[in-house]
$ cat start.txt   # compact mmCIF, C-alpha atoms
# COMPACT_ATOMS: atom_id res chain seq x y z
CA MET W 20 7.99 -4.78 13.12
CA LYS W 21 10.77 -6.12 10.94
CA LYS W 22 12.53 -3.72 8.57
CA ILE W 23 12.07 -4.84 4.98
CA LYS W 24 14.83 -4.44 2.43
CA ASN W 25 14.10 -1.67 -0.13
CA GLN W 26 11.10 -0.58 1.93
CA ASN W 27 10.93 2.96 0.53
CA GLN W 28 11.07 1.81 -3.08
CA LEU W 29 8.49 -0.91 -2.38
CA LEU W 30 6.19 1.68 -0.81
CA LYS W 31 6.47 3.86 -3.93
CA LYS W 32 5.63 0.84 -6.07
CA ALA W 33 2.70 -0.05 -3.79
CA LEU W 34 1.30 3.48 -4.09
CA PHE W 35 1.66 3.41 -7.88
CA VAL W 36 -0.04 0.02 -8.21
CA GLY W 37 -2.59 0.92 -5.53
CA GLU W 38 -3.61 4.10 -7.35
CA LYS W 39 -4.08 2.16 -10.59
CA TYR W 40 -6.14 -0.44 -8.71
CA ALA W 41 -8.30 2.27 -7.14
CA LEU W 42 -8.96 3.86 -10.54
CA ASN W 43 -9.95 0.48 -11.99
CA ARG W 44 -12.33 0.01 -9.05
CA GLY W 45 -14.10 3.26 -9.89
CA TYR W 46 -12.34 5.73 -7.60
CA LYS W 47 -12.33 9.10 -9.39
CA HIS W 48 -8.70 9.99 -8.88
CA PHE W 49 -6.29 11.29 -6.31
CA ASP W 50 -5.96 15.05 -6.34
CA PRO W 51 -2.49 16.56 -6.56
CA THR W 52 -3.31 18.29 -3.28
CA ASP W 53 -3.90 14.98 -1.47
CA SER W 54 -1.14 14.36 1.03
CA HIS W 55 1.04 11.27 0.97
CA LYS W 56 -0.58 10.19 4.22
CA GLN W 57 -4.09 10.44 2.73
CA LYS W 58 -3.11 8.33 -0.28
CA ILE W 59 -1.56 5.65 1.91
CA GLU W 60 -4.62 5.43 4.14
CA ALA W 61 -7.09 5.44 1.22
CA ILE W 62 -5.26 2.64 -0.59
CA TYR W 63 -4.92 0.65 2.64
CA ARG W 64 -8.64 0.94 3.37
CA LEU W 65 -9.60 -0.01 -0.19
CA LEU W 66 -7.42 -3.13 -0.04
CA VAL W 67 -8.93 -4.08 3.33
CA GLN W 68 -12.45 -3.50 1.99
CA ASP W 69 -11.71 -5.78 -0.99
CA LYS W 70 -10.18 -8.33 1.42
CA LEU W 71 -6.80 -8.26 -0.29
CA ILE W 72 -5.01 -7.57 3.01
CA GLN W 73 -5.81 -8.29 6.63
CA PRO W 74 -7.02 -5.26 8.61
CA LEU W 75 -4.99 -3.96 11.51
CA ALA W 76 -6.41 -3.98 15.01
CA GLY W 77 -8.10 -0.66 15.82
CA ASP W 78 -5.43 0.44 18.29
CA GLN W 79 -2.66 -0.25 15.75
CA GLU W 80 -4.03 1.88 12.92
CA ASN W 81 -1.38 4.49 12.19
CA GLU W 82 0.61 5.66 9.19
CA LEU W 83 3.65 3.51 9.97
CA ASN W 84 1.58 0.33 10.12
CA PHE W 85 -0.39 1.29 6.98
CA LYS W 86 2.92 1.68 5.12
CA HIS W 87 4.16 -1.65 6.42
CA LYS W 88 0.98 -3.43 5.29
CA LEU W 89 1.25 -1.89 1.81
CA VAL W 90 4.91 -2.94 1.52
CA ILE W 91 4.05 -6.52 2.49
CA TRP W 92 1.14 -6.53 0.03
CA ILE W 93 3.23 -5.33 -2.93
CA SER W 94 6.05 -7.74 -2.00
CA LYS W 95 3.62 -10.61 -2.47
CA GLN W 96 2.33 -9.22 -5.78
CA LEU W 97 5.74 -8.88 -7.43
CA PRO W 98 7.44 -11.83 -9.12
CA ALA W 99 10.06 -13.57 -6.95
CA ASP W 100 12.91 -12.40 -9.21
CA HIS W 101 11.90 -8.70 -9.16
CA GLU W 102 14.83 -6.35 -8.53
CA LEU W 103 13.21 -4.77 -5.44
CA LEU W 104 12.95 -8.15 -3.71
CA LYS W 105 16.65 -9.01 -4.06

$ encode --input "start.txt" --output "structure tokens"
Amino acid sequence: MKKIKNQNQLLKKALFVGEKYALNRGYKHFDPTDSHKQKIEAIYRLLVQDKLIQPLAGDQENELNFKHKLVIWISKQLPADHELLK
């Protein structure tokens, strides 16, 4: 898996946008007690369900790959001249 520039900041952006997307789709909300890992997996599964990202193979489903998929997804959603993509 190739390391993406500004990966941590892109992941934060993906979680922010993903939470907003989930709320717009009717998800109640994320509790403050939900772990980072739970949020990442929930947003990943919602995006797969809505066919916005390709699902991982069953044996490759882990937190690291979920994060990577979310970073790739948000990278494609941002405008080409966005500061995180430079």

$ residues_around --input "start.txt" --residues "Phe35 in chain W" --least-positions-apart "6" --cutoff "12 Å" --atoms "only C-alpha atoms" --output "ChimeraX atom specification"
/W:28-29,41-42,49,55,58-59,62,89-90,93

$ atom_distance --input "start.txt" --atom1 "CA of Ile23 in chain W" --atom2 "CA of Gln68 in chain W"
24.7 Å

$ closest_residue --input "start.txt" --among "W:Leu34, W:Leu104, W:Ile72, W:Val67" --to "Trp92 in chain W" --atoms "all atoms listed in the file"
W:Ile72

$ atom_distance --input "start.txt" --atom1 "CA of Lys22 in chain W" --atom2 "CA of Leu83 in chain W"
11.5 Å

$ closest_residue --input "start.txt" --among "W:Glu102, W:Pro51, W:Lys24, W:Lys56" --to "Lys86 in chain W" --atoms "only C-alpha atoms"
W:Lys56

$ closest_residue --input "start.txt" --among "W:Arg44, W:Lys32, W:Lys88, W:Lys21" --to "Leu65 in chain W" --atoms "all atoms listed in the file"
W:Arg44

$ atom_distance --input "start.txt" --atom1 "CA of Gln96 in chain W" --atom2 "CA of Leu30 in chain W"
12.6 Å

$ build_atoms --input "start.txt" --residues "range 26-42 of chain W" --atoms "N, CA and C atoms" --output "short mmCIF file (atom, residue, chain, number, x, y, z; two decimals), in the frame of the given file"
data_model
loop_
_atom_site.label_atom_id
_atom_site.label_comp_id
_atom_site.auth_asym_id
_atom_site.auth_seq_id
_atom_site.Cartn_x
_atom_site.Cartn_y
_atom_site.Cartn_z
N GLN W 26 12.44 -0.95 1.48
CA GLN W 26 11.10 -0.58 1.93
C GLN W 26 10.58 0.70 1.26
N ASN W 27 11.39 1.71 1.13
CA ASN W 27 10.93 2.96 0.53
C ASN W 27 10.55 2.79 -0.94
N GLN W 28 11.38 2.05 -1.68
CA GLN W 28 11.07 1.81 -3.08
C GLN W 28 9.83 0.92 -3.24
N LEU W 29 9.68 -0.05 -2.35
CA LEU W 29 8.49 -0.91 -2.38
C LEU W 29 7.23 -0.11 -2.06
N LEU W 30 7.34 0.84 -1.14
CA LEU W 30 6.19 1.68 -0.81
C LEU W 30 5.79 2.52 -2.02
N LYS W 31 6.77 3.08 -2.72
CA LYS W 31 6.47 3.86 -3.93
C LYS W 31 5.76 2.99 -4.96
N LYS W 32 6.24 1.77 -5.13
CA LYS W 32 5.63 0.84 -6.07
C LYS W 32 4.21 0.49 -5.63
N ALA W 33 4.02 0.28 -4.33
CA ALA W 33 2.70 -0.05 -3.79
C ALA W 33 1.72 1.10 -4.02
N LEU W 34 2.17 2.33 -3.86
CA LEU W 34 1.30 3.48 -4.09
C LEU W 34 0.95 3.60 -5.57
N PHE W 35 1.90 3.36 -6.43
CA PHE W 35 1.66 3.41 -7.88
C PHE W 35 0.63 2.35 -8.28
N VAL W 36 0.87 1.12 -7.87
CA VAL W 36 -0.04 0.02 -8.21
C VAL W 36 -1.39 0.22 -7.52
N GLY W 37 -1.36 0.68 -6.28
CA GLY W 37 -2.59 0.92 -5.53
C GLY W 37 -3.46 1.99 -6.16
N GLU W 38 -2.84 3.05 -6.67
CA GLU W 38 -3.61 4.10 -7.35
C GLU W 38 -4.26 3.56 -8.62
N LYS W 39 -3.52 2.77 -9.38
CA LYS W 39 -4.08 2.16 -10.59
C LYS W 39 -5.25 1.24 -10.23
N TYR W 40 -5.09 0.47 -9.17
CA TYR W 40 -6.14 -0.44 -8.71
C TYR W 40 -7.38 0.36 -8.31
N ALA W 41 -7.18 1.44 -7.58
CA ALA W 41 -8.30 2.27 -7.14
C ALA W 41 -9.05 2.86 -8.33
N LEU W 42 -8.32 3.31 -9.34
CA LEU W 42 -8.96 3.86 -10.54
C LEU W 42 -9.78 2.79 -11.26
#
